[in-house]
$ cat upload_10.csv   # CSV, C-alpha atoms and all ligand atoms
chain,number,residue,atom,x,y,z
H,1,MET,CA,27.8,-45.7,129.3
H,2,ARG,CA,24.5,-43.8,129.4
H,3,PRO,CA,22.4,-44.3,126.2
H,4,HIS,CA,22.4,-40.6,125.2
H,5,PHE,CA,26.2,-40.5,125.3
H,6,LEU,CA,26.3,-43.5,123.0
H,7,ALA,CA,23.9,-41.7,120.6
H,8,ILE,CA,26.1,-38.6,120.6
H,9,MET,CA,29.2,-40.7,119.8
H,10,ALA,CA,27.4,-42.5,117.0
H,11,THR,CA,26.3,-39.2,115.5
H,12,ALA,CA,29.8,-37.8,115.6
H,13,PHE,CA,31.2,-41.0,114.1
H,14,ILE,CA,28.8,-40.9,111.2
H,15,ALA,CA,29.5,-37.2,110.6
H,16,LEU,CA,33.2,-38.0,110.5
H,17,LEU,CA,32.7,-40.8,108.1
H,18,SER,CA,30.2,-39.2,105.8
H,19,PRO,CA,32.7,-37.9,103.3
H,20,VAL,CA,34.2,-41.3,103.1
H,21,LEU,CA,30.8,-42.9,102.7
H,22,GLY,CA,30.1,-40.6,99.8
H,23,GLN,CA,27.4,-38.8,101.6
H,24,THR,CA,26.7,-35.4,100.1
H,25,GLN,CA,26.8,-32.0,101.5
H,26,GLU,CA,24.7,-29.5,99.5
H,27,VAL,CA,26.7,-27.6,97.0
H,28,SER,CA,25.6,-24.2,95.7
H,29,LEU,CA,26.7,-23.3,92.1
H,30,LYS,CA,26.9,-19.8,90.8
H,31,MET,CA,25.4,-19.4,87.3
H,32,VAL,CA,25.3,-16.7,84.7
H,33,SER,CA,23.7,-16.6,81.2
H,34,GLY,CA,25.2,-15.1,78.1
H,35,PHE,CA,21.8,-14.1,77.0
H,36,ALA,CA,19.4,-11.5,78.4
H,37,GLU,CA,17.1,-12.5,81.2
H,38,ASN,CA,13.9,-11.9,79.2
H,39,SER,CA,15.0,-14.1,76.3
H,40,MET,CA,13.2,-17.4,75.8
H,41,TYR,CA,16.5,-19.2,76.4
H,42,VAL,CA,16.8,-17.7,79.8
H,43,GLN,CA,13.1,-18.0,80.7
H,44,ARG,CA,13.4,-21.7,80.1
H,45,LEU,CA,16.6,-21.8,82.0
H,46,GLN,CA,15.0,-20.2,85.0
H,47,THR,CA,12.1,-22.7,85.0
H,48,TRP,CA,14.7,-25.5,84.9
H,49,ILE,CA,16.7,-23.9,87.8
H,50,GLN,CA,13.5,-23.8,89.9
H,51,LYS,CA,13.0,-27.5,89.3
H,52,VAL,CA,16.6,-28.3,90.1
H,53,ASN,CA,16.5,-26.4,93.3
H,54,ALA,CA,13.2,-28.0,94.3
H,55,GLU,CA,14.5,-31.5,93.6
H,56,GLY,CA,18.0,-30.9,94.7
H,57,LYS,CA,17.5,-29.9,98.3
H,58,GLY,CA,20.5,-31.2,100.4
H,59,VAL,CA,22.3,-32.2,97.2
H,60,LEU,CA,22.8,-29.3,94.7
H,61,GLN,CA,21.5,-25.8,94.3
H,62,ILE,CA,21.9,-23.3,91.5
H,63,ASN,CA,22.2,-19.6,92.3
H,64,PHE,CA,21.4,-17.7,89.2
H,65,LEU,CA,23.2,-14.3,89.2
H,66,GLY,CA,21.7,-12.9,85.9
H,67,GLY,CA,22.7,-12.3,82.3
H,68,PRO,CA,25.1,-9.9,80.5
H,69,LYS,CA,24.5,-7.3,83.2
H,70,ALA,CA,26.2,-9.6,85.7
H,71,ILE,CA,29.0,-10.6,83.3
H,72,PRO,CA,29.4,-9.0,79.8
H,73,THR,CA,28.5,-11.4,77.0
H,74,PHE,CA,32.0,-11.9,75.6
H,75,GLU,CA,33.6,-12.3,79.0
H,76,LEU,CA,31.4,-15.1,80.3
H,77,GLY,CA,33.5,-17.9,78.7
H,78,ASN,CA,36.6,-16.8,80.6
H,79,ALA,CA,34.6,-16.5,83.8
H,80,VAL,CA,33.7,-20.2,83.5
H,81,LYS,CA,37.2,-21.2,82.5
H,82,THR,CA,38.7,-19.4,85.5
H,83,GLY,CA,36.0,-20.5,88.0
H,84,VAL,CA,34.6,-17.0,88.6
H,85,VAL,CA,31.3,-18.7,88.0
H,86,ASP,CA,30.6,-22.4,88.1
H,87,LEU,CA,27.9,-22.7,85.5
H,88,ALA,CA,26.9,-20.8,82.3
H,89,LEU,CA,24.2,-20.9,79.7
H,90,ASN,CA,26.2,-19.8,76.7
H,91,THR,CA,26.8,-20.2,73.0
H,92,GLY,CA,30.1,-20.9,71.3
H,93,ALA,CA,30.2,-17.7,69.4
H,94,PHE,CA,30.5,-15.8,72.7
H,95,TYR,CA,33.6,-17.5,73.9
H,96,THR,CA,35.8,-18.0,70.8
H,97,ASN,CA,38.3,-15.9,72.8
H,98,VAL,CA,38.7,-18.9,75.1
H,99,MET,CA,38.8,-21.5,72.3
H,100,PRO,CA,38.0,-20.9,68.6
H,101,GLU,CA,36.4,-24.5,68.4
H,102,ALA,CA,33.5,-23.2,70.5
H,103,ASP,CA,31.9,-21.8,67.5
H,104,PHE,CA,32.1,-25.1,65.5
H,105,LEU,CA,29.0,-26.4,67.4
H,106,LYS,CA,26.7,-24.4,65.1
H,107,LEU,CA,27.6,-26.9,62.4
H,108,THR,CA,25.9,-30.0,64.0
H,109,GLN,CA,23.3,-31.5,61.7
H,110,ILE,CA,22.2,-34.2,64.2
H,111,SER,CA,20.3,-33.8,67.4
H,112,ILE,CA,21.9,-33.6,70.9
H,113,ALA,CA,20.3,-37.0,71.6
H,114,GLU,CA,22.2,-38.5,68.6
H,115,GLN,CA,25.4,-36.6,69.6
H,116,ARG,CA,25.3,-38.4,72.9
H,117,LYS,CA,25.0,-41.8,71.0
H,118,ASN,CA,27.5,-41.4,68.2
H,119,GLY,CA,30.5,-40.1,70.2
H,120,THR,CA,30.1,-36.4,69.5
H,121,PHE,CA,29.4,-35.6,73.1
H,122,GLU,CA,32.7,-37.2,74.3
H,123,ALA,CA,34.6,-35.6,71.5
H,124,ILE,CA,33.3,-32.2,72.4
H,125,ASN,CA,34.2,-32.8,76.1
H,126,LYS,CA,37.7,-33.9,75.3
H,127,VAL,CA,38.4,-30.5,73.6
H,128,TRP,CA,36.4,-28.4,76.0
H,129,ASN,CA,38.2,-30.0,79.0
H,130,GLU,CA,41.6,-29.5,77.5
H,131,LYS,CA,41.2,-26.1,75.9
H,132,GLY,CA,38.5,-24.5,77.9
H,133,ASN,CA,38.9,-26.0,81.4
H,134,MET,CA,35.1,-26.6,81.0
H,135,GLN,CA,32.7,-29.5,81.1
H,136,TYR,CA,30.1,-29.4,78.3
H,137,LEU,CA,27.0,-30.5,80.1
H,138,GLY,CA,24.3,-30.4,77.5
H,139,ARG,CA,22.6,-28.5,74.7
H,140,VAL,CA,19.3,-26.9,75.5
H,141,VAL,CA,18.4,-25.1,72.3
H,142,GLU,CA,18.0,-27.0,69.0
H,143,ASN,CA,16.2,-26.5,65.7
H,144,GLN,CA,16.9,-22.8,65.6
H,145,PRO,CA,18.5,-21.9,62.3
H,146,PHE,CA,20.1,-18.5,61.8
H,147,HIS,CA,18.9,-16.0,59.3
H,148,ILE,CA,20.0,-12.7,57.8
H,149,TYR,CA,17.7,-9.8,58.8
H,150,LEU,CA,17.8,-6.6,56.8
H,151,ASN,CA,16.2,-3.2,56.4
H,152,LYS,CA,17.4,-2.9,52.8
H,153,LYS,CA,16.2,-5.2,50.0
H,154,ILE,CA,18.4,-7.7,48.2
H,155,ASP,CA,17.3,-9.8,45.2
H,156,LYS,CA,20.2,-12.3,45.2
H,157,PRO,CA,22.5,-13.6,47.9
H,158,ASP,CA,24.9,-10.7,47.8
H,159,LEU,CA,25.5,-8.3,50.7
H,160,THR,CA,27.8,-5.9,48.8
H,161,GLY,CA,27.6,-2.4,50.2
H,162,LEU,CA,25.7,-3.5,53.3
H,163,LYS,CA,26.9,-3.3,56.9
H,164,ILE,CA,25.8,-6.3,58.9
H,165,ARG,CA,26.0,-6.9,62.6
H,166,ILE,CA,27.7,-10.3,63.3
H,167,THR,CA,29.2,-12.6,65.9
H,168,PRO,CA,31.7,-15.2,64.9
H,169,VAL,CA,28.8,-17.4,63.9
H,170,TYR,CA,28.2,-15.5,60.7
H,171,ARG,CA,31.6,-13.9,60.0
H,172,ASP,CA,33.0,-16.1,57.3
H,173,PHE,CA,29.7,-16.7,55.5
H,174,PHE,CA,28.7,-13.0,55.4
H,175,GLN,CA,32.1,-11.9,54.3
H,176,SER,CA,31.9,-14.5,51.5
H,177,LEU,CA,28.7,-12.7,50.5
H,178,ASN,CA,30.6,-9.4,50.4
H,179,ALA,CA,29.2,-7.8,53.5
H,180,ASN,CA,31.0,-5.3,55.7
H,181,VAL,CA,30.7,-6.9,59.1
H,182,ILE,CA,30.6,-5.4,62.6
H,183,THR,CA,30.8,-7.6,65.7
H,184,THR,CA,28.5,-6.7,68.6
H,185,PRO,CA,26.9,-8.5,71.5
H,186,PRO,CA,23.1,-8.8,71.2
H,187,GLY,CA,22.6,-5.9,73.7
H,188,GLU,CA,24.1,-3.4,71.2
H,189,VAL,CA,22.1,-4.4,68.1
H,190,TYR,CA,19.1,-2.1,68.6
H,191,THR,CA,21.2,1.1,68.9
H,192,ALA,CA,23.3,0.0,65.9
H,193,LEU,CA,20.1,-0.4,63.8
H,194,GLU,CA,18.6,2.9,65.1
H,195,ARG,CA,21.7,4.9,64.3
H,196,GLY,CA,22.2,3.3,60.9
H,197,VAL,CA,25.5,1.8,61.9
H,198,VAL,CA,24.2,-1.4,60.4
H,199,ASP,CA,21.7,-2.3,57.7
H,200,GLY,CA,21.0,-5.7,59.2
H,201,TYR,CA,22.1,-8.5,61.5
H,202,GLY,CA,22.4,-12.2,61.9
H,203,TRP,CA,20.1,-13.9,64.5
H,204,PRO,CA,18.2,-17.2,64.8
H,205,ILE,CA,14.6,-17.6,63.7
H,206,GLY,CA,13.4,-16.9,67.2
H,207,GLY,CA,14.0,-14.1,69.6
H,208,ILE,CA,14.0,-10.8,67.7
H,209,PHE,CA,11.0,-9.5,69.6
H,210,ASP,CA,12.8,-9.9,72.9
H,211,PHE,CA,15.0,-6.9,71.9
H,212,ASN,CA,12.3,-5.0,69.9
H,213,TRP,CA,14.4,-5.4,66.7
H,214,GLN,CA,11.2,-5.9,64.8
H,215,GLU,CA,10.8,-2.2,64.9
H,216,LYS,CA,13.9,-1.8,62.8
H,217,THR,CA,13.6,-4.9,60.6
H,218,LYS,CA,12.0,-5.0,57.2
H,219,TYR,CA,13.2,-8.3,55.7
H,220,ARG,CA,14.2,-11.8,56.7
H,221,VAL,CA,16.3,-13.8,54.2
H,222,ASP,CA,15.2,-17.4,53.8
H,223,PRO,CA,16.5,-20.1,54.0
H,224,GLY,CA,18.1,-20.3,57.4
H,225,PHE,CA,21.5,-22.0,57.9
H,226,TYR,CA,23.4,-23.8,60.8
H,227,ASP,CA,21.7,-24.5,64.1
H,228,ALA,CA,21.9,-22.1,67.0
H,229,GLU,CA,23.8,-23.8,69.8
H,230,VAL,CA,23.0,-22.8,73.3
H,231,SER,CA,24.4,-25.0,76.0
H,232,LEU,CA,25.1,-25.6,79.7
H,233,LEU,CA,28.8,-25.3,80.6
H,234,MET,CA,30.6,-25.9,83.9
H,235,ASN,CA,34.0,-25.0,85.2
H,236,LEU,CA,36.0,-28.2,85.1
H,237,PRO,CA,37.5,-28.2,88.6
H,238,ALA,CA,34.0,-27.4,90.1
H,239,TYR,CA,32.6,-30.3,88.1
H,240,LYS,CA,35.3,-32.6,89.3
H,241,LYS,CA,34.6,-31.6,92.9
H,242,LEU,CA,31.0,-32.9,92.7
H,243,THR,CA,30.3,-36.1,94.7
H,244,PRO,CA,28.9,-39.1,92.7
H,245,VAL,CA,25.5,-38.3,94.0
H,246,GLN,CA,25.6,-34.6,92.9
H,247,HIS,CA,27.1,-35.7,89.6
H,248,ASP,CA,24.3,-38.1,88.9
H,249,PHE,CA,21.7,-35.7,90.0
H,250,LEU,CA,23.0,-33.0,87.7
H,251,ALA,CA,23.3,-35.4,84.7
H,252,LYS,CA,19.7,-36.5,85.2
H,253,GLU,CA,18.5,-32.9,85.4
H,254,VAL,CA,20.4,-31.9,82.2
H,255,LEU,CA,18.9,-34.9,80.3
H,256,ALA,CA,15.4,-33.9,81.4
H,257,PHE,CA,16.1,-30.3,80.2
H,258,GLU,CA,17.3,-31.7,76.8
H,259,ALA,CA,14.3,-33.9,76.5
H,260,ASP,CA,12.2,-30.7,76.4
H,261,ASN,CA,14.1,-29.5,73.3
H,262,VAL,CA,11.0,-30.5,71.2
H,263,TYR,CA,9.7,-27.1,72.3
H,264,TRP,CA,12.0,-25.3,69.8
H,265,ALA,CA,10.2,-26.5,66.7
H,266,HIS,CA,7.0,-25.0,68.1
H,267,TYR,CA,8.8,-21.7,69.0
H,268,THR,CA,10.1,-21.5,65.4
H,269,SER,CA,6.6,-21.6,63.9
H,270,GLU,CA,5.3,-19.1,66.5
H,271,GLU,CA,8.1,-16.7,65.9
H,272,THR,CA,7.9,-17.0,62.1
H,273,GLN,CA,4.2,-16.2,62.2
H,274,ARG,CA,4.8,-13.3,64.6
H,275,GLN,CA,7.3,-11.8,62.2
H,276,GLU,CA,4.9,-12.1,59.3
H,277,LYS,CA,2.2,-10.4,61.4
H,278,VAL,CA,4.3,-7.4,62.1
H,279,GLY,CA,5.0,-7.0,58.4
H,280,ILE,CA,8.5,-8.5,58.1
H,281,GLN,CA,8.8,-9.6,54.5
H,282,THR,CA,10.7,-12.7,53.5
H,283,ILE,CA,13.3,-12.6,50.8
H,284,LYS,CA,13.4,-15.9,49.0
H,285,PHE,CA,15.5,-17.2,46.1
H,286,ASP,CA,14.8,-19.9,43.5
H,287,ALA,CA,15.5,-23.5,44.4
H,288,ALA,CA,18.9,-23.7,42.9
H,289,THR,CA,20.1,-20.4,44.6
H,290,THR,CA,18.6,-21.5,47.9
H,291,ALA,CA,20.5,-24.8,47.8
H,292,ALA,CA,23.7,-23.1,46.8
H,293,PHE,CA,23.3,-20.5,49.6
H,294,ARG,CA,22.9,-23.2,52.3
H,295,ALA,CA,25.8,-25.3,50.8
H,296,LYS,CA,28.0,-22.2,50.8
H,297,ALA,CA,27.2,-21.4,54.4
H,298,TYR,CA,28.5,-24.8,55.5
H,299,GLU,CA,31.4,-24.9,53.1
H,300,VAL,CA,32.8,-21.6,54.1
H,301,ALA,CA,32.4,-22.3,57.9
H,302,TRP,CA,34.1,-25.7,57.7
H,303,ALA,CA,36.9,-24.2,55.6
H,304,ALA,CA,37.4,-21.6,58.3
H,305,ALA,CA,37.2,-24.2,61.0
H,306,SER,CA,39.8,-26.4,59.3
H,307,LYS,CA,42.1,-23.5,59.1
H,308,GLN,CA,41.7,-22.5,62.8
H,309,SER,CA,41.9,-26.0,64.3
H,310,PRO,CA,42.5,-28.7,61.6
H,311,GLU,CA,42.4,-31.8,63.9
H,312,VAL,CA,39.3,-30.8,65.8
H,313,ALA,CA,37.5,-29.7,62.6
H,314,SER,CA,38.2,-32.9,60.8
H,315,LYS,CA,37.1,-35.0,63.8
H,316,PHE,CA,33.9,-32.9,64.3
H,317,LYS,CA,33.0,-32.9,60.6
H,318,GLY,CA,32.7,-36.6,60.5
H,319,LEU,CA,30.6,-36.7,63.6
H,320,PHE,CA,28.3,-33.7,62.9
H,321,ALA,CA,27.1,-34.9,59.5
H,322,LYS,CA,23.6,-36.3,59.0
H,401,LIG,O1,24.5,-13.2,68.9
H,401,LIG,C1,24.3,-13.9,67.9
H,401,LIG,O2,23.8,-13.6,66.9
H,401,LIG,C2,24.7,-15.3,68.1
H,401,LIG,O3,25.8,-15.7,67.8
H,401,LIG,C3,23.8,-16.3,68.7
H,401,LIG,C4,24.1,-17.6,68.9
H,401,LIG,C5,23.2,-18.5,69.4
H,401,LIG,C6,21.9,-18.1,69.7
H,401,LIG,C7,21.6,-16.8,69.4
H,401,LIG,C8,22.5,-15.9,68.9
$ encode --input "upload_10.csv" --output "structure tokens"
Amino acid sequence: MRPHFLAIMATAFIALLSPVLGQTQEVSLKMVSGFAENSMYVQRLQTWIQKVNAEGKGVLQINFLGGPKAIPTFELGNAVKTGVVDLALNTGAFYTNVMPEADFLKLTQISIAEQRKNGTFEAINKVWNEKGNMQYLGRVVENQPFHIYLNKKIDKPDLTGLKIRITPVYRDFFQSLNANVITTPPGEVYTALERGVVDGYGWPIGGIFDFNWQEKTKYRVDPGFYDAEVSLLMNLPAYKKLTPVQHDFLAKEVLAFEADNVYWAHYTSEETQRQEKVGIQTIKFDAATTAAFRAKAYEVAWAAASKQSPEVASKFKGLFAK
């Protein structure tokens, strides 16, 4: 046989065998975010995607399709569940229509690094796999407590007579403070404030400037409560289809993204100062009222969780505690 014929045969043989040998063909994953593209969450996501795509040539690529304009906020969970998209940056409150347990993750009091060590991460994935047809890949926002923002003053933790924009994150707590609640995606908050449909809204400590809400916000109530959970999620069948090489690559990249979560404490102090600078006043309570306010936030949320999904709530409660 002539040498070049041998070479062709060898190449064909390797090509045939490569799936068996676990050699990887590049996979391209479609991704959508539940948050707007100009938000810090998605800015940081896009930086990460650039890194993944640079390092993942021949292995794995992410094709970012956009935010709520690509898929409406409250429909993204289902799009991941059904495989319309492979990957999402999303928060539990936006996909309680897929599984009510999604919103429980706001109640974690330990870091994602600790969650990976104490069994929380596996416990989350068991539920997410079974109920959501999703793999929970990692949490990329931490240390972002939620607050009540108002344009009417209160002097005690009582929202009687006030209409407040919510998502499932805040529902039970704000109702326990006697608020009238109205659920909207973030994209509708500005208009609701402008038209006086709401007197305030729930949102984490960072991000109100991304939507220009500071123009319509007079007060922030302190203290904050819970911890905004924003995570990377993947359609489970798509996840299972990854080769070991792709799987390891993705896991490594997610861990690197999480290791950068130290950023969020810095963002908190920047955003707090920025709010102060534009004249947003803080409403504070005395020490006892502050402690009772925070305790009530958790009590009410865990009570609701236990009602919705008793077994999962009881498992998570033990794991999420400090
Ligand atoms: O829209 C919201 O207020 C909300 O639920 C949320 C959750 C996590 C991060 C930011 C906002």
$ residues_near_ligand --input "upload_10.csv" --ligand "ligand LIG 401 (chain H)" --cutoff "7 Å" --atoms "all atoms listed in the file" --output "MDAnalysis selection string"
chainID H and resid 91 93:94 166:169 185:186 202:204 228:230
$ closest_residue --input "upload_10.csv" --among "H:Lys277, H:Val140, H:Leu60, H:Glu101" --to "Leu242 in chain H" --atoms "all atoms listed in the file"
H:Leu60
$ atom_distance --input "upload_10.csv" --atom1 "CA of Val98 in chain H" --atom2 "CA of Met31 in chain H"
18.1 Å
$ residues_around --input "upload_10.csv" --residues "range 299-307 of chain H" --least-positions-apart "6" --cutoff "9 Å" --atoms "only C-alpha atoms" --output "PDB file with C-alpha atoms, keeping the file's coordinate frame"
ATOM      1  CA  PRO H 100      38.000 -20.900  68.600  1.00  0.00           C
ATOM      2  CA  GLU H 101      36.400 -24.500  68.400  1.00  0.00           C
ATOM      3  CA  ASP H 103      31.900 -21.800  67.500  1.00  0.00           C
ATOM      4  CA  PHE H 104      32.100 -25.100  65.500  1.00  0.00           C
ATOM      5  CA  LEU H 107      27.600 -26.900  62.400  1.00  0.00           C
ATOM      6  CA  VAL H 169      28.800 -17.400  63.900  1.00  0.00           C
ATOM      7  CA  TYR H 170      28.200 -15.500  60.700  1.00  0.00           C
ATOM      8  CA  ARG H 171      31.600 -13.900  60.000  1.00  0.00           C
ATOM      9  CA  ASP H 172      33.000 -16.100  57.300  1.00  0.00           C
ATOM     10  CA  PHE H 173      29.700 -16.700  55.500  1.00  0.00           C
ATOM     11  CA  SER H 176      31.900 -14.500  51.500  1.00  0.00           C
ATOM     12  CA  ALA H 313      37.500 -29.700  62.600  1.00  0.00           C
ATOM     13  CA  SER H 314      38.200 -32.900  60.800  1.00  0.00           C
ATOM     14  CA  LYS H 317      33.000 -32.900  60.600  1.00  0.00           C
TER      15      LYS H 317
END
$ residues_near_point --input "upload_10.csv" --point "(25.5, -6.1, 63.3)" --cutoff "9 Å" --atoms "only C-alpha atoms" --output "list in words"
Lys163, Ile164, Arg165, Ile166, Thr167, Val181, Ile182, Thr183, Thr184, Pro185, Pro186, Glu188, Val189, Ala192, Leu193, Val197, Val198, Asp199, Gly200, Tyr201 and Gly202 of chain H
$ residues_around --input "upload_10.csv" --residues "Tyr190 in chain H" --least-positions-apart "3" --cutoff "9 Å" --atoms "all atoms listed in the file" --output "list in words"
Pro186, Gly187, Leu193, Glu194, Arg195, Phe211, Asn212, Trp213 and Lys216 of chain H
$ write_last_selection --input "upload_10.csv" --atoms "C-alpha atoms" --output "PDB file, in the coordinates of the input"
ATOM      1  CA  PRO H 186      23.100  -8.800  71.200  1.00  0.00           C
ATOM      2  CA  GLY H 187      22.600  -5.900  73.700  1.00  0.00           C
ATOM      3  CA  LEU H 193      20.100  -0.400  63.800  1.00  0.00           C
ATOM      4  CA  GLU H 194      18.600   2.900  65.100  1.00  0.00           C
ATOM      5  CA  ARG H 195      21.700   4.900  64.300  1.00  0.00           C
ATOM      6  CA  PHE H 211      15.000  -6.900  71.900  1.00  0.00           C
ATOM      7  CA  ASN H 212      12.300  -5.000  69.900  1.00  0.00           C
ATOM      8  CA  TRP H 213      14.400  -5.400  66.700  1.00  0.00           C
ATOM      9  CA  LYS H 216      13.900  -1.800  62.800  1.00  0.00           C
TER      10      LYS H 216
END
$ residues_around --input "upload_10.csv" --residues "Gly138 in chain H" --least-positions-apart "5" --cutoff "7 Å" --atoms "all atoms listed in the file" --output "list in words"
Ser231, Leu232 and Val254 of chain H
$ residues_around --input "upload_10.csv" --residues "range 222-225 of chain H" --least-positions-apart "3" --cutoff "12 Å" --atoms "all atoms listed in the file" --output "ChimeraX atom specification"
/H:106-109,143-150,154-157,169-170,173-174,202-206,219,228,268,272,280-301
$ residues_near_point --input "upload_10.csv" --point "(11.6, -26.0, 72.2)" --cutoff "10 Å" --atoms "only C-alpha atoms" --output "NGL selection string"
:H and (40-41 or 44 or 140-144 or 258-268)
$ atom_distance --input "upload_10.csv" --atom1 "CA of Glu122 in chain H" --atom2 "CA of Tyr136 in chain H"
9.1 Å
$ closest_residue --input "upload_10.csv" --among "H:Leu45, H:Leu177, H:Leu233, H:Ile124" --to "Gly161 in chain H" --atoms "all atoms listed in the file"
H:Leu177
$ atom_distance --input "upload_10.csv" --atom1 "CA of Leu236 in chain H" --atom2 "CA of Asn53 in chain H"
21.2 Å
$ closest_residue --input "upload_10.csv" --among "H:Lys241, H:Arg274, H:Arg139, H:Lys152" --to "Thr217 in chain H" --atoms "all atoms listed in the file"
H:Lys152
$ closest_residue --input "upload_10.csv" --among "H:Ala256, H:Ala79, H:Leu29, H:Leu87" --to "Gln61 in chain H" --atoms "all atoms listed in the file"
H:Leu29
$ closest_residue --input "upload_10.csv" --among "H:Glu271, H:Leu255, H:Leu105, H:Gly196" --to "Asp227 in chain H" --atoms "only C-alpha atoms"
H:Leu105
$ closest_residue --input "upload_10.csv" --among "H:Lys126, H:Lys218, H:Lys315, H:Lys30" --to "Gln275 in chain H" --atoms "only C-alpha atoms"
H:Lys218
$ decode --input "upload_10.csv" --residues "range 178-189 of chain H" --atoms "N, CA, C and O atoms" --output "mmCIF file, in the first residue's frame"
data_model
loop_
_atom_site.group_PDB
_atom_site.id
_atom_site.type_symbol
_atom_site.label_atom_id
_atom_site.label_comp_id
_atom_site.auth_asym_id
_atom_site.auth_seq_id
_atom_site.Cartn_x
_atom_site.Cartn_y
_atom_site.Cartn_z
ATOM 1 N N ASN H 178 -48.961 43.973 55.569
ATOM 2 C CA ASN H 178 -50.229 44.586 55.131
ATOM 3 C C ASN H 178 -50.180 45.332 53.800
ATOM 4 O O ASN H 178 -51.035 46.182 53.536
ATOM 5 N N ALA H 179 -49.189 45.065 52.967
ATOM 6 C CA ALA H 179 -49.131 45.733 51.661
ATOM 7 C C ALA H 179 -50.162 45.156 50.700
ATOM 8 O O ALA H 179 -50.552 43.999 50.819
ATOM 9 N N ASN H 180 -50.572 45.990 49.749
ATOM 10 C CA ASN H 180 -51.287 45.480 48.567
ATOM 11 C C ASN H 180 -50.221 45.194 47.532
ATOM 12 O O ASN H 180 -49.473 46.094 47.154
ATOM 13 N N VAL H 181 -50.158 43.966 47.073
ATOM 14 C CA VAL H 181 -49.025 43.600 46.212
ATOM 15 C C VAL H 181 -49.439 43.404 44.757
ATOM 16 O O VAL H 181 -50.547 42.964 44.472
ATOM 17 N N ILE H 182 -48.529 43.764 43.866
ATOM 18 C CA ILE H 182 -48.755 43.637 42.420
ATOM 19 C C ILE H 182 -47.501 43.017 41.814
ATOM 20 O O ILE H 182 -46.411 43.572 41.945
ATOM 21 N N THR H 183 -47.657 41.853 41.175
ATOM 22 C CA THR H 183 -46.495 41.175 40.584
ATOM 23 C C THR H 183 -46.201 41.731 39.191
ATOM 24 O O THR H 183 -47.102 41.789 38.355
ATOM 25 N N THR H 184 -44.949 42.133 38.969
ATOM 26 C CA THR H 184 -44.533 42.512 37.608
ATOM 27 C C THR H 184 -43.089 42.074 37.389
ATOM 28 O O THR H 184 -42.316 41.988 38.341
ATOM 29 N N PRO H 185 -42.718 41.843 36.133
ATOM 30 C CA PRO H 185 -41.286 41.663 35.855
ATOM 31 C C PRO H 185 -40.570 43.008 36.024
ATOM 32 O O PRO H 185 -41.234 44.054 36.013
ATOM 33 N N PRO H 186 -39.262 42.992 36.177
ATOM 34 C CA PRO H 186 -38.528 44.257 36.374
ATOM 35 C C PRO H 186 -38.808 45.284 35.272
ATOM 36 O O PRO H 186 -38.906 46.478 35.548
ATOM 37 N N GLY H 187 -38.974 44.812 34.059
ATOM 38 C CA GLY H 187 -39.165 45.707 32.919
ATOM 39 C C GLY H 187 -40.416 46.576 33.001
ATOM 40 O O GLY H 187 -40.552 47.524 32.239
ATOM 41 N N GLU H 188 -41.327 46.262 33.937
ATOM 42 C CA GLU H 188 -42.566 47.054 34.025
ATOM 43 C C GLU H 188 -42.623 47.954 35.245
ATOM 44 O O GLU H 188 -43.621 48.653 35.468
ATOM 45 N N VAL H 189 -41.562 47.962 36.032
ATOM 46 C CA VAL H 189 -41.591 48.709 37.288
ATOM 47 C C VAL H 189 -41.602 50.226 37.058
ATOM 48 O O VAL H 189 -42.350 50.961 37.704
#
